[in-house]
Structure formats: structure tokens, C-alpha cells
$ cat coords_27.tsv   # TSV, C-alpha atoms
chain	number	residue	atom	x	y	z
K	1	MET	CA	109.79	117.96	93.96
K	2	ASP	CA	110.03	121.45	95.47
K	3	ARG	CA	106.91	122.21	97.55
K	4	GLU	CA	106.54	125.78	96.28
K	5	LYS	CA	106.81	124.75	92.63
K	6	GLU	CA	104.38	121.90	93.26
K	7	LYS	CA	101.82	124.22	94.85
K	8	ALA	CA	102.16	126.77	92.03
K	9	ALA	CA	101.73	124.06	89.38
K	10	LEU	CA	98.66	122.60	91.11
K	11	GLU	CA	97.02	126.00	91.51
K	12	SER	CA	97.69	126.77	87.88
K	13	VAL	CA	96.04	123.46	86.88
K	14	LEU	CA	93.06	124.36	89.04
K	15	ARG	CA	92.81	127.69	87.20
K	16	GLY	CA	92.40	125.71	83.98
K	17	ARG	CA	95.96	125.35	82.61
K	18	LYS	CA	95.96	121.57	82.40
K	19	GLU	CA	99.32	121.49	80.58
K	20	ASP	CA	100.91	122.57	83.90
K	21	PHE	CA	100.00	119.15	85.25
K	22	GLU	CA	103.04	117.98	83.29
K	23	ALA	CA	105.39	119.31	86.00
K	24	ILE	CA	103.55	117.22	88.59
K	25	VAL	CA	103.55	114.11	86.39
K	26	ARG	CA	107.23	114.44	85.50
K	27	GLY	CA	108.10	115.12	89.13
K	28	TYR	CA	106.40	111.99	90.44
K	29	GLN	CA	106.18	109.51	87.58
K	30	GLY	CA	109.38	107.69	88.65
K	31	GLN	CA	108.17	107.28	92.22
K	32	ALA	CA	104.70	106.30	91.05
K	33	TYR	CA	106.16	103.68	88.72
K	34	ALA	CA	108.25	102.19	91.54
K	35	VAL	CA	105.22	102.02	93.83
K	36	ALA	CA	103.07	100.39	91.15
K	37	MET	CA	105.83	97.94	90.25
K	38	GLY	CA	106.17	97.03	93.91
K	39	LEU	CA	102.50	96.14	93.95
K	40	VAL	CA	101.75	94.63	90.54
K	41	LYS	CA	105.20	93.29	89.51
K	42	ASN	CA	104.67	93.97	85.82
K	43	SER	CA	106.20	96.89	83.97
K	44	ASN	CA	103.42	97.43	81.39
K	45	ASP	CA	100.68	97.16	83.98
K	46	ALA	CA	102.58	99.50	86.30
K	47	MET	CA	102.81	102.17	83.57
K	48	ASP	CA	99.11	101.86	82.72
K	49	LEU	CA	98.05	102.01	86.36
K	50	CYS	CA	100.21	105.08	86.98
K	51	GLN	CA	98.43	106.77	84.06
K	52	ASP	CA	95.04	105.88	85.51
K	53	ALA	CA	96.07	107.21	88.90
K	54	PHE	CA	97.39	110.49	87.46
K	55	LEU	CA	94.20	110.87	85.43
K	56	ARG	CA	92.04	110.24	88.50
K	57	SER	CA	94.06	112.67	90.58
K	58	PHE	CA	93.72	115.28	87.82
K	59	ARG	CA	89.94	114.83	87.79
K	60	ALA	CA	89.72	114.93	91.59
K	61	LEU	CA	92.10	117.85	92.00
K	62	ARG	CA	89.32	120.21	93.09
K	63	SER	CA	88.89	118.15	96.25
K	64	PHE	CA	92.61	118.38	97.05
K	65	ASP	CA	93.96	120.94	99.52
K	66	THR	CA	96.99	122.45	97.72
K	67	SER	CA	98.59	123.50	101.01
K	68	GLN	CA	99.21	119.76	101.64
K	69	PRO	CA	101.92	117.72	99.90
K	70	PHE	CA	100.63	116.10	96.69
K	71	PHE	CA	102.37	112.72	96.85
K	72	PRO	CA	100.71	111.14	99.94
K	73	TRP	CA	97.28	112.03	98.51
K	74	PHE	CA	98.24	110.76	95.07
K	75	TYR	CA	99.77	107.66	96.64
K	76	ARG	CA	96.42	106.66	98.12
K	77	ILE	CA	94.76	106.98	94.69
K	78	LEU	CA	97.55	104.97	93.04
K	79	ARG	CA	97.38	102.30	95.73
K	80	ASN	CA	93.61	101.91	95.28
K	81	VAL	CA	94.01	101.68	91.51
K	82	CYS	CA	96.72	99.00	91.90
K	83	LEU	CA	94.80	96.99	94.50
K	84	THR	CA	91.65	97.06	92.36
K	85	HIS	CA	93.74	95.85	89.42
K	86	LEU	CA	95.22	93.02	91.53
K	87	LYS	CA	91.76	92.00	92.70
K	88	ARG	CA	90.45	91.97	89.13
K	89	ARG	CA	93.49	90.06	87.92
K	90	ARG	CA	93.08	87.46	90.63
K	91	THR	CA	89.49	86.94	89.55
K	92	PHE	CA	90.52	86.27	85.96
K	93	SER	CA	93.89	84.66	86.68
K	94	PHE	CA	92.75	81.29	85.31
K	95	LEU	CA	92.72	82.86	81.84
K	96	ARG	CA	96.42	83.68	81.82
K	97	ARG	CA	98.96	81.42	80.15
K	98	ARG	CA	102.03	80.08	81.91
K	99	ASN	CA	104.46	82.11	79.80
K	100	GLU	CA	102.65	85.30	80.71
K	101	GLU	CA	103.79	85.08	84.31
K	102	ASP	CA	105.06	88.35	85.67
K	103	GLU	CA	108.66	88.93	86.32
K	104	PHE	CA	109.97	91.61	88.59
K	105	GLU	CA	112.56	93.54	86.63
K	106	MET	CA	115.39	94.54	88.90
K	107	ASP	CA	118.83	95.93	88.44
K	108	ILE	CA	121.13	93.66	90.36
K	109	PRO	CA	124.45	95.39	91.01
K	110	CYS	CA	127.55	93.35	91.71
K	111	GLU	CA	130.26	95.02	93.75
K	112	ALA	CA	132.09	92.01	95.16
K	113	ALA	CA	135.86	91.84	94.67
K	114	GLY	CA	136.82	88.53	93.06
K	115	PRO	CA	134.92	86.47	90.47
K	116	GLU	CA	133.87	83.90	93.11
K	117	ASP	CA	132.64	86.57	95.50
K	118	ARG	CA	130.82	88.25	92.65
K	119	ALA	CA	129.15	85.00	91.65
K	120	GLU	CA	128.14	84.34	95.24
K	121	GLN	CA	126.77	87.84	95.73
K	122	GLY	CA	124.97	87.68	92.39
K	123	GLU	CA	123.38	84.39	93.41
K	124	GLU	CA	122.31	85.81	96.75
K	125	LEU	CA	120.77	88.85	95.07
K	126	GLN	CA	118.96	86.62	92.62
K	127	ARG	CA	117.50	84.66	95.54
K	128	LEU	CA	116.53	87.91	97.21
K	129	ALA	CA	114.84	89.22	94.05
K	130	LYS	CA	112.89	85.96	93.69
K	131	ALA	CA	111.91	85.97	97.38
K	132	PHE	CA	110.83	89.61	97.11
K	133	GLU	CA	108.75	88.83	94.05
K	134	ALA	CA	106.99	85.99	95.88
K	135	LEU	CA	105.93	88.17	98.84
K	136	PRO	CA	102.28	89.23	99.20
K	137	PRO	CA	101.55	92.72	97.73
K	138	ARG	CA	101.14	94.23	101.21
K	139	ASP	CA	104.71	93.24	102.16
K	140	ARG	CA	106.19	94.21	98.80
K	141	GLU	CA	104.51	97.58	99.16
K	142	ILE	CA	106.06	98.51	102.50
K	143	LEU	CA	109.50	97.22	101.49
K	144	SER	CA	109.33	99.17	98.22
K	145	LEU	CA	108.47	102.36	100.06
K	146	ARG	CA	111.37	101.88	102.45
K	147	HIS	CA	114.05	100.53	100.14
K	148	PHE	CA	113.24	101.81	96.65
K	149	GLN	CA	111.58	105.10	97.61
K	150	GLU	CA	113.85	105.56	100.63
K	151	MET	CA	110.93	107.07	102.54
K	152	PRO	CA	111.28	107.79	106.28
K	153	TYR	CA	108.77	106.07	108.57
K	154	ALA	CA	106.74	109.26	109.05
K	155	GLU	CA	106.14	109.56	105.29
K	156	ILE	CA	105.30	105.87	104.93
K	157	ALA	CA	102.85	106.24	107.82
K	158	GLN	CA	101.22	109.24	106.15
K	159	SER	CA	100.97	107.49	102.78
K	160	LEU	CA	99.51	104.29	104.18
K	161	GLU	CA	97.43	106.07	106.84
K	162	ILE	CA	98.86	103.94	109.64
K	163	PRO	CA	100.73	104.84	112.85
K	164	VAL	CA	104.56	105.03	112.75
K	165	GLY	CA	104.81	102.07	115.17
K	166	THR	CA	102.80	99.97	112.71
K	167	VAL	CA	105.26	100.87	109.95
K	168	MET	CA	108.04	99.37	112.07
K	169	SER	CA	106.11	96.19	112.83
K	170	ARG	CA	104.93	95.75	109.22
K	171	LEU	CA	108.54	96.12	108.06
K	172	PHE	CA	109.54	93.48	110.57
K	173	TYR	CA	106.96	90.94	109.37
K	174	ALA	CA	107.80	91.67	105.73
K	175	ARG	CA	111.55	91.31	106.29
K	176	ARG	CA	111.07	88.15	108.33
K	177	LYS	CA	109.07	86.61	105.48
K	178	LEU	CA	111.69	87.77	103.01
K	179	LYS	CA	114.46	86.17	105.07
K	180	GLU	CA	112.52	82.91	105.41
K	181	ARG	CA	111.78	82.75	101.70
K	182	MET	CA	115.43	83.42	100.87
K	183	GLU	CA	116.51	80.61	103.17
K	184	GLN	CA	114.00	78.23	101.57
K	185	ALA	CA	115.12	79.10	98.02
E	186	MET	CA	106.57	102.05	120.28
E	187	SER	CA	107.32	102.85	123.88
E	188	GLN	CA	110.12	101.39	125.95
E	189	GLN	CA	107.54	100.16	128.41
E	190	SER	CA	105.60	98.23	125.80
E	191	THR	CA	108.71	96.42	124.63
E	192	GLN	CA	109.43	95.07	128.08
E	193	SER	CA	105.92	94.25	129.18
E	194	GLY	CA	105.41	90.97	127.26
E	195	SER	CA	104.89	88.01	129.61
E	196	ASN	CA	105.54	85.46	126.86
E	197	PRO	CA	109.34	85.21	126.30
E	198	SER	CA	109.06	84.67	122.52
E	199	SER	CA	106.74	87.67	122.11
E	200	ALA	CA	109.18	89.77	124.15
E	201	HIS	CA	111.95	88.75	121.73
E	202	GLU	CA	109.64	89.58	118.83
E	203	GLU	CA	109.08	93.05	120.24
E	204	PHE	CA	112.85	93.56	120.26
E	205	GLU	CA	113.05	92.23	116.72
E	206	ILE	CA	110.54	94.92	115.74
E	207	LEU	CA	112.75	97.51	117.41
E	208	MET	CA	115.70	96.17	115.39
E	209	MET	CA	113.94	97.39	112.25
E	210	GLY	CA	113.84	100.90	113.62
E	211	ALA	CA	117.49	100.64	114.62
E	212	LEU	CA	118.54	99.45	111.16
E	213	ASP	CA	116.54	102.21	109.49
E	214	GLY	CA	117.79	104.89	111.91
E	215	GLU	CA	114.28	105.56	113.22
E	216	LEU	CA	114.52	104.76	116.94
E	217	SER	CA	114.19	107.27	119.77
E	218	GLN	CA	117.00	107.39	122.34
E	219	GLY	CA	114.89	105.49	124.84
E	220	GLU	CA	114.07	102.72	122.37
E	221	GLN	CA	117.72	102.55	121.31
E	222	ALA	CA	118.85	102.18	124.93
E	223	SER	CA	116.22	99.52	125.62
E	224	LEU	CA	117.29	97.51	122.57
E	225	GLN	CA	121.00	97.85	123.44
E	226	SER	CA	120.48	96.57	126.97
E	227	HIS	CA	118.48	93.59	125.67
E	228	LEU	CA	121.10	92.77	123.04
E	229	GLN	CA	123.87	92.71	125.65
E	230	GLY	CA	122.19	89.80	127.38
E	231	CYS	CA	120.67	87.98	124.39
E	232	ALA	CA	122.99	86.24	121.96
E	233	SER	CA	120.12	84.99	119.81
E	234	CYS	CA	118.79	88.52	119.20
E	235	SER	CA	122.31	89.83	118.49
E	236	GLN	CA	122.66	87.14	115.84
E	237	LYS	CA	119.27	88.03	114.39
E	238	LEU	CA	120.26	91.70	114.25
E	239	ALA	CA	123.35	90.77	112.22
E	240	GLN	CA	121.18	88.69	109.86
E	241	TYR	CA	118.65	91.50	109.43
E	242	ARG	CA	121.46	94.02	108.85
E	243	HIS	CA	122.78	91.84	106.04
E	244	LEU	CA	119.26	91.52	104.58
E	245	VAL	CA	118.66	95.27	104.75
E	246	ASP	CA	122.04	96.02	103.07
E	247	LEU	CA	121.29	93.47	100.39
E	248	THR	CA	117.78	94.86	99.77
E	249	ASP	CA	119.19	98.39	99.66
E	250	SER	CA	121.49	97.31	96.85
E	251	LEU	CA	118.56	96.20	94.69
E	252	ARG	CA	117.06	98.75	92.35
E	253	LEU	CA	113.94	98.54	90.27
E	254	GLU	CA	114.69	98.72	86.59
E	255	GLU	CA	113.58	102.17	85.55
E	256	PRO	CA	111.56	102.86	82.42
E	257	GLN	CA	113.43	104.21	79.38
E	258	ASP	CA	113.40	107.97	78.68
E	259	TYR	CA	111.23	107.54	75.61
E	260	GLU	CA	108.68	105.64	77.71
E	261	LEU	CA	108.56	108.47	80.22
E	262	ASP	CA	108.09	111.04	77.40
E	263	ARG	CA	105.32	108.95	75.88
E	264	PHE	CA	103.76	108.65	79.33
E	265	TRP	CA	102.95	112.37	79.56
E	266	ASN	CA	101.81	112.63	75.93
E	267	THR	CA	99.39	109.74	76.31
E	268	LEU	CA	98.11	111.07	79.63
E	269	TYR	CA	97.54	114.54	78.18
E	270	ASN	CA	95.60	113.04	75.25
E	271	ARG	CA	93.40	111.16	77.68
E	272	MET	CA	92.86	114.31	79.76
E	273	GLU	CA	91.77	116.21	76.65
E	274	ARG	CA	89.70	113.45	75.12
E	275	ARG	CA	87.37	113.23	78.08
E	276	SER	CA	85.95	116.70	77.45
E	277	ALA	CA	85.75	115.90	73.72
E	278	TRP	CA	83.69	112.80	74.50
E	279	TRP	CA	81.27	114.87	76.59
E	280	PHE	CA	80.85	117.48	73.82
E	281	LEU	CA	80.18	114.68	71.37
E	282	VAL	CA	77.55	113.00	73.57
E	283	ILE	CA	75.76	116.25	74.37
E	284	GLY	CA	75.89	117.30	70.70
E	285	VAL	CA	74.54	114.01	69.33
E	286	VAL	CA	71.75	113.80	71.91
E	287	GLY	CA	70.85	117.47	71.37
E	288	VAL	CA	70.77	117.29	67.57
E	289	THR	CA	68.83	114.01	67.53
E	290	SER	CA	66.28	115.37	70.01
E	291	ALA	CA	65.84	118.59	68.00
E	292	LEU	CA	65.38	116.62	64.76
E	293	MET	CA	62.83	114.34	66.39
E	294	PHE	CA	60.94	117.32	67.78
E	295	GLU	CA	60.75	118.84	64.28
E	296	VAL	CA	59.70	115.50	62.75
E	297	PHE	CA	56.83	115.09	65.23
E	298	ARG	CA	55.72	118.70	64.88
E	299	THR	CA	55.44	118.72	61.07
E	300	ASP	CA	52.18	117.82	59.28
E	301	LEU	CA	54.00	116.69	56.15
E	302	LEU	CA	54.68	113.15	57.42
E	303	ALA	CA	52.21	110.34	58.10
E	304	TRP	CA	51.91	109.09	61.71
E	305	TRP	CA	53.42	105.68	60.86
E	306	LEU	CA	56.45	107.37	59.27
E	307	LYS	CA	56.88	109.54	62.37
E	308	ALA	CA	56.66	106.44	64.59
E	309	GLY	CA	59.24	104.62	62.42
E	310	LEU	CA	61.65	107.55	62.55
E	311	GLY	CA	61.14	107.75	66.30
E	312	LEU	CA	62.10	104.08	66.67
E	313	VAL	CA	65.18	104.51	64.45
E	314	ALA	CA	66.32	107.55	66.43
E	315	THR	CA	65.77	105.82	69.80
E	316	GLY	CA	67.65	102.71	68.61
E	317	PHE	CA	70.51	104.86	67.31
E	318	LEU	CA	70.77	106.76	70.59
E	319	LEU	CA	70.70	103.58	72.71
E	320	LEU	CA	73.39	101.93	70.56
E	321	PHE	CA	75.53	105.07	70.59
E	322	VAL	CA	75.40	105.37	74.38
E	323	SER	CA	76.04	101.63	74.84
E	324	VAL	CA	79.09	101.54	72.49
E	325	LEU	CA	80.44	104.71	74.04
E	326	ARG	CA	80.08	103.34	77.56
E	327	VAL	CA	81.89	100.09	76.70
E	328	ARG	CA	84.62	101.98	74.86
E	329	LEU	CA	85.21	104.35	77.77
E	330	ARG	CA	85.37	101.44	80.18
E	331	THR	CA	87.85	99.42	78.14
E	332	LEU	CA	89.99	102.30	76.83
E	333	PRO	CA	92.36	102.48	79.82
E	334	TYR	CA	93.22	98.77	79.39
E	335	ASP	CA	93.46	98.76	75.60
E	336	ARG	CA	97.07	97.80	74.82
E	337	TYR	CA	96.71	98.82	71.20
E	338	ARG	CA	95.31	102.31	71.66
E	339	GLU	CA	98.64	103.95	70.79
E	340	VAL	CA	99.35	101.72	67.81
E	341	HIS	CA	99.28	103.79	64.63
E	342	ARG	CA	98.34	102.04	61.44
$ encode --input "coords_27.tsv" --output "C-alpha cells"
Amino acid sequence: MDREKEKAALESVLRGRKEDFEAIVRGYQGQAYAVAMGLVKNSNDAMDLCQDAFLRSFRALRSFDTSQPFFPWFYRILRNVCLTHLKRRRTFSFLRRRNEEDEFEMDIPCEAAGPEDRAEQGEELQRLAKAFEALPPRDREILSLRHFQEMPYAEIAQSLEIPVGTVMSRLFYARRKLKERMEQA
Amino acid sequence: MSQQSTQSGSNPSSAHEEFEILMMGALDGELSQGEQASLQSHLQGCASCSQKLAQYRHLVDLTDSLRLEEPQDYELDRFWNTLYNRMERRSAWWFLVIGVVGVTSALMFEVFRTDLLAWWLKAGLGLVATGFLLLFVSVLRVRLRTLPYDRYREVHR
């Protein structure tokens, strides 16, 4: 989203025009959904948690410095909301039925040439999707930011409040686990 | 990560691991020239790391080709509408609470001030009003807590 437009919309919201928050929500809802999906792995939960995070950011907007980009600040709120949800869900996980297990919904493209290649690539992508799904939330989070959000390291570092060097090492540990899990599958 | 730090490990496996970390930066196009040069010189003499780099490159390409399934347009439209309703309802809830507490308090004040009612009737009305207020606040608090997780809140009968 364009920084100038974002700033204007946020200032307008702060002046009391809450309908102008729509531009912010529409500008970031896709990214927010991808982040939440990366963490909670369930489409319905991800949508609900994004709503909670937008609502919280709307209520806390007075404490936000509009000269700063909105997304890293919002990201921290969304992340907290998702992690709290995961913690709560873990506590009550014994109440969930087997058929309610989450499934990561992914588009798996197939660009291989022949039918055999396509089948092989499809199978490999399926294994990757399953391995990705089985990673701990912390690893899924950093991989989602890099691969699905296509964020540069500096932005990931700002969002997660970690140094850029740590982004590189966390990506390494996450990818190593992903590779190992794919090989085991 | 500095060039110096990548070469300082005394343990050979941890030194390899440091270069594996640098591989991530190389694959994502995030290395400085110094880091790039350090990695290149290590790779020239380390077949195992060169092989790992190829494996990680394949993994990164594969992961890049995955996409999260995006929500449907109608879901995104509904998203804003629901959010806006929740933004508006919060102030409505506050008006309601303040109004109910204010009106009940004013009524109770009038009831206790009047000489037309016996003391036991005033006490009874006081108990009813206190019970009503406590129940109202309790139900409201539970409702506000559970509302964000209520899957049926948008179901219209």
C-alpha cells in the first residue's frame, strides 16, 4: 500500500472517520491472512484472528506514530493474537475430534513438462506442503514471511523485532527442518 | 553476519553450519559482497557444502512455487463489513451499559427518597435492582468475551 495514502487514511481515522479504516483493512487483509495462516494453519481461524488484530489495532491507533509504516506495527499485534490463540488451543486440544484436524490449504502449481514429470513434481510439492504444515509455528512464520509475503530480510527483522543476521539463521534452521521432514516423508 | 565470524569457528561442523547460514542469504539475494566472497571461497574447497547449496536451492525454488490458497472475494468483502459492525457495536455497548446503570441508579434514588413506600418495599426493590444490575453486567461480560469466537454470530435466521 502506498505510504502517503496509508498515512492519510490513518490520520483520517484518528480524526474520527472510522470508515476510512477500510482502505487500511483492504490494503493489508491479504497479507494478514497469509501471516495468520502461516501460524495457525486453519482458514476460518486465520480470518477470525485477522479481524481481532484489525480491531485491536483500530482501538490502539492513538498510540501509533503515523509517520511509521503501519504493517510492522500491525504485524506484532496480529502475531500476539495468533500466538495467544495457539496457546489457548493447545490447552484445550484434548477436546478436539480427529476429523477436525487442521489442513493447510495450498495452491500447488504443476509446471513440469510430461505427465510423469508432472506427477513427480506434484508428489514432491505434496510432501513439501505436508512437511511445511508439520513445522513448529515459529518456523512456519519465518518461512511464510519470506516465501509467501516475499519480504526482504530487513522487513522481516523489523516485523519480528530481531536482528537481520538472526533472520538468516532462523531461515536456515527452518529450511533445514523442512528438508529433513521432506526426506522422512 | 560478518566475514570474520563465519571463519572463526574452531569446531569444523559449526564452521560448515555458519556457511550453511550464509547460503540462505545467498539464495535470497541478501548477502553483502564480503559475505558472498567468503562463501564462494569456502564452496570452491568444500564439495559437501556445494552439494548442500544445490539441495537448498531446489528447496527454495520448490517453496517459492507454493502459494497459500487465498480467500474468496465474497469472504474478503464480508471481512470488512463484519469488522466495521464490531467497531461500531463497541460504542453501542458502552452507551447501553452507561444508560442502564444511570437509569437504574436514578430510579433507585427516587424510590429511596419517596415517603410513599414502606421500608421493606424499598429494601425489596433495592435487592431486585442490585440483582438485575449484577446479572446484566455478568451476561454482558461473558458475551463480550465470547463474541469474537462465536462462529454463528453472522448467521441470520
$ interface_residues --input "coords_27.tsv" --of "chain E" --to "chain K" --cutoff "7 Å" --atoms "all atoms listed in the file" --output "NGL selection string"
:E and (186 or 206 or 209-210 or 248-254 or 265 or 268 or 272)
$ closest_residue --input "coords_27.tsv" --among "K:Glu180, K:Arg89, K:Asp139, K:Gln68" --to "Tyr241 (chain E)" --atoms "only C-alpha atoms"
K:Glu180
$ atom_distance --input "coords_27.tsv" --atom1 "CA of Gly230 (chain E)" --atom2 "CA of Ala200 (chain E)"
13.4 Å
$ atom_distance --input "coords_27.tsv" --atom1 "CA of Glu6 (chain K)" --atom2 "CA of Asp20 (chain K)"
10.0 Å
$ residues_near_point --input "coords_27.tsv" --point "(101.5, 107.0, 92.0)" --cutoff "6 Å" --atoms "only C-alpha atoms" --output "PyMOL selection string"
chain K and resi 32+50+74-75+78
$ residues_around --input "coords_27.tsv" --residues "Met208 (chain E)" --least-positions-apart "3" --cutoff "9 Å" --atoms "all atoms listed in the file" --output "ChimeraX atom specification"
/K:168,172 /E:203-205,211-213,216,221,224,237-238,241-242
$ write_last_selection --input "coords_27.tsv" --atoms "C-alpha atoms" --output "mmCIF file, keeping the file's coordinate frame"
data_model
loop_
_atom_site.group_PDB
_atom_site.id
_atom_site.type_symbol
_atom_site.label_atom_id
_atom_site.label_comp_id
_atom_site.auth_asym_id
_atom_site.auth_seq_id
_atom_site.Cartn_x
_atom_site.Cartn_y
_atom_site.Cartn_z
ATOM 1 C CA MET K 168 108.040 99.370 112.070
ATOM 2 C CA PHE K 172 109.540 93.480 110.570
ATOM 3 C CA GLU E 203 109.080 93.050 120.240
ATOM 4 C CA PHE E 204 112.850 93.560 120.260
ATOM 5 C CA GLU E 205 113.050 92.230 116.720
ATOM 6 C CA ALA E 211 117.490 100.640 114.620
ATOM 7 C CA LEU E 212 118.540 99.450 111.160
ATOM 8 C CA ASP E 213 116.540 102.210 109.490
ATOM 9 C CA LEU E 216 114.520 104.760 116.940
ATOM 10 C CA GLN E 221 117.720 102.550 121.310
ATOM 11 C CA LEU E 224 117.290 97.510 122.570
ATOM 12 C CA LYS E 237 119.270 88.030 114.390
ATOM 13 C CA LEU E 238 120.260 91.700 114.250
ATOM 14 C CA TYR E 241 118.650 91.500 109.430
ATOM 15 C CA ARG E 242 121.460 94.020 108.850
#
$ atom_distance --input "coords_27.tsv" --atom1 "CA of Phe280 (chain E)" --atom2 "CA of Ser63 (chain K)"
23.8 Å
$ closest_residue --input "coords_27.tsv" --among "K:Gly122, K:Ala185, K:Ile77, K:Tyr28" --to "Ser159 (chain K)" --atoms "all atoms listed in the file"
K:Ile77
$ closest_residue --input "coords_27.tsv" --among "K:Arg76, K:Phe71, K:Glu11, K:Thr66" --to "Gly27 (chain K)" --atoms "all atoms listed in the file"
K:Phe71
$ decode --input "coords_27.tsv" --residues "region 235-255 of chain E" --atoms "N, CA, C and O atoms" --output "PDB file, in the first residue's frame"
ATOM      1  N   SER E 235      28.885 -27.476  -1.314  1.00  0.00           N
ATOM      2  CA  SER E 235      28.364 -27.172  -2.656  1.00  0.00           C
ATOM      3  C   SER E 235      27.122 -28.016  -2.931  1.00  0.00           C
ATOM      4  O   SER E 235      26.134 -27.540  -3.494  1.00  0.00           O
ATOM      5  N   GLN E 236      27.177 -29.270  -2.481  1.00  0.00           N
ATOM      6  CA  GLN E 236      26.030 -30.159  -2.674  1.00  0.00           C
ATOM      7  C   GLN E 236      24.826 -29.667  -1.864  1.00  0.00           C
ATOM      8  O   GLN E 236      23.700 -29.659  -2.350  1.00  0.00           O
ATOM      9  N   LYS E 237      25.121 -29.230  -0.629  1.00  0.00           N
ATOM     10  CA  LYS E 237      24.044 -28.717   0.222  1.00  0.00           C
ATOM     11  C   LYS E 237      23.411 -27.469  -0.395  1.00  0.00           C
ATOM     12  O   LYS E 237      22.198 -27.298  -0.359  1.00  0.00           O
ATOM     13  N   LEU E 238      24.263 -26.620  -0.982  1.00  0.00           N
ATOM     14  CA  LEU E 238      23.736 -25.400  -1.607  1.00  0.00           C
ATOM     15  C   LEU E 238      22.756 -25.770  -2.725  1.00  0.00           C
ATOM     16  O   LEU E 238      21.678 -25.172  -2.845  1.00  0.00           O
ATOM     17  N   ALA E 239      23.129 -26.780  -3.515  1.00  0.00           N
ATOM     18  CA  ALA E 239      22.235 -27.210  -4.607  1.00  0.00           C
ATOM     19  C   ALA E 239      20.915 -27.723  -4.034  1.00  0.00           C
ATOM     20  O   ALA E 239      19.830 -27.425  -4.555  1.00  0.00           O
ATOM     21  N   GLN E 240      21.010 -28.483  -2.923  1.00  0.00           N
ATOM     22  CA  GLN E 240      19.784 -29.020  -2.305  1.00  0.00           C
ATOM     23  C   GLN E 240      18.899 -27.886  -1.772  1.00  0.00           C
ATOM     24  O   GLN E 240      17.684 -27.896  -1.949  1.00  0.00           O
ATOM     25  N   TYR E 241      19.544 -26.916  -1.106  1.00  0.00           N
ATOM     26  CA  TYR E 241      18.765 -25.797  -0.570  1.00  0.00           C
ATOM     27  C   TYR E 241      18.156 -24.952  -1.701  1.00  0.00           C
ATOM     28  O   TYR E 241      17.045 -24.462  -1.572  1.00  0.00           O
ATOM     29  N   ARG E 242      18.912 -24.814  -2.813  1.00  0.00           N
ATOM     30  CA  ARG E 242      18.377 -24.041  -3.939  1.00  0.00           C
ATOM     31  C   ARG E 242      17.101 -24.708  -4.456  1.00  0.00           C
ATOM     32  O   ARG E 242      16.104 -24.046  -4.712  1.00  0.00           O
ATOM     33  N   HIS E 243      17.140 -26.019  -4.566  1.00  0.00           N
ATOM     34  CA  HIS E 243      15.967 -26.762  -5.034  1.00  0.00           C
ATOM     35  C   HIS E 243      14.797 -26.562  -4.061  1.00  0.00           C
ATOM     36  O   HIS E 243      13.671 -26.318  -4.473  1.00  0.00           O
ATOM     37  N   LEU E 244      15.118 -26.630  -2.753  1.00  0.00           N
ATOM     38  CA  LEU E 244      14.071 -26.468  -1.726  1.00  0.00           C
ATOM     39  C   LEU E 244      13.449 -25.064  -1.793  1.00  0.00           C
ATOM     40  O   LEU E 244      12.227 -24.911  -1.729  1.00  0.00           O
ATOM     41  N   VAL E 245      14.316 -24.070  -1.952  1.00  0.00           N
ATOM     42  CA  VAL E 245      13.826 -22.682  -2.008  1.00  0.00           C
ATOM     43  C   VAL E 245      12.949 -22.492  -3.259  1.00  0.00           C
ATOM     44  O   VAL E 245      11.864 -21.894  -3.182  1.00  0.00           O
ATOM     45  N   ASP E 246      13.383 -23.020  -4.402  1.00  0.00           N
ATOM     46  CA  ASP E 246      12.582 -22.897  -5.636  1.00  0.00           C
ATOM     47  C   ASP E 246      11.231 -23.571  -5.461  1.00  0.00           C
ATOM     48  O   ASP E 246      10.195 -23.048  -5.866  1.00  0.00           O
ATOM     49  N   LEU E 247      11.287 -24.737  -4.834  1.00  0.00           N
ATOM     50  CA  LEU E 247      10.054 -25.508  -4.624  1.00  0.00           C
ATOM     51  C   LEU E 247       9.100 -24.737  -3.689  1.00  0.00           C
ATOM     52  O   LEU E 247       7.911 -24.626  -3.952  1.00  0.00           O
ATOM     53  N   THR E 248       9.665 -24.205  -2.600  1.00  0.00           N
ATOM     54  CA  THR E 248       8.833 -23.466  -1.633  1.00  0.00           C
ATOM     55  C   THR E 248       8.273 -22.200  -2.283  1.00  0.00           C
ATOM     56  O   THR E 248       7.141 -21.810  -2.022  1.00  0.00           O
ATOM     57  N   ASP E 249       9.087 -21.563  -3.144  1.00  0.00           N
ATOM     58  CA  ASP E 249       8.609 -20.364  -3.837  1.00  0.00           C
ATOM     59  C   ASP E 249       7.417 -20.681  -4.740  1.00  0.00           C
ATOM     60  O   ASP E 249       6.603 -19.806  -5.019  1.00  0.00           O
ATOM     61  N   SER E 250       7.346 -21.921  -5.212  1.00  0.00           N
ATOM     62  CA  SER E 250       6.252 -22.243  -6.131  1.00  0.00           C
ATOM     63  C   SER E 250       4.958 -22.576  -5.386  1.00  0.00           C
ATOM     64  O   SER E 250       3.910 -22.719  -6.001  1.00  0.00           O
ATOM     65  N   LEU E 251       5.035 -22.692  -4.058  1.00  0.00           N
ATOM     66  CA  LEU E 251       3.808 -22.927  -3.292  1.00  0.00           C
ATOM     67  C   LEU E 251       3.117 -21.591  -3.042  1.00  0.00           C
ATOM     68  O   LEU E 251       3.775 -20.576  -2.845  1.00  0.00           O
ATOM     69  N   ARG E 252       1.834 -21.600  -3.043  1.00  0.00           N
ATOM     70  CA  ARG E 252       1.076 -20.393  -2.711  1.00  0.00           C
ATOM     71  C   ARG E 252      -0.038 -20.764  -1.754  1.00  0.00           C
ATOM     72  O   ARG E 252      -0.675 -21.790  -1.932  1.00  0.00           O
ATOM     73  N   LEU E 253      -0.260 -19.903  -0.775  1.00  0.00           N
ATOM     74  CA  LEU E 253      -1.397 -20.150   0.108  1.00  0.00           C
ATOM     75  C   LEU E 253      -2.679 -19.925  -0.670  1.00  0.00           C
ATOM     76  O   LEU E 253      -2.751 -18.998  -1.482  1.00  0.00           O
ATOM     77  N   GLU E 254      -3.644 -20.769  -0.431  1.00  0.00           N
ATOM     78  CA  GLU E 254      -4.940 -20.565  -1.089  1.00  0.00           C
ATOM     79  C   GLU E 254      -5.550 -19.282  -0.528  1.00  0.00           C
ATOM     80  O   GLU E 254      -5.647 -19.121   0.684  1.00  0.00           O
ATOM     81  N   GLU E 255      -5.918 -18.395  -1.429  1.00  0.00           N
ATOM     82  CA  GLU E 255      -6.417 -17.104  -0.941  1.00  0.00           C
ATOM     83  C   GLU E 255      -7.917 -17.162  -0.693  1.00  0.00           C
ATOM     84  O   GLU E 255      -8.627 -17.914  -1.351  1.00  0.00           O
TER      85      GLU E 255
END
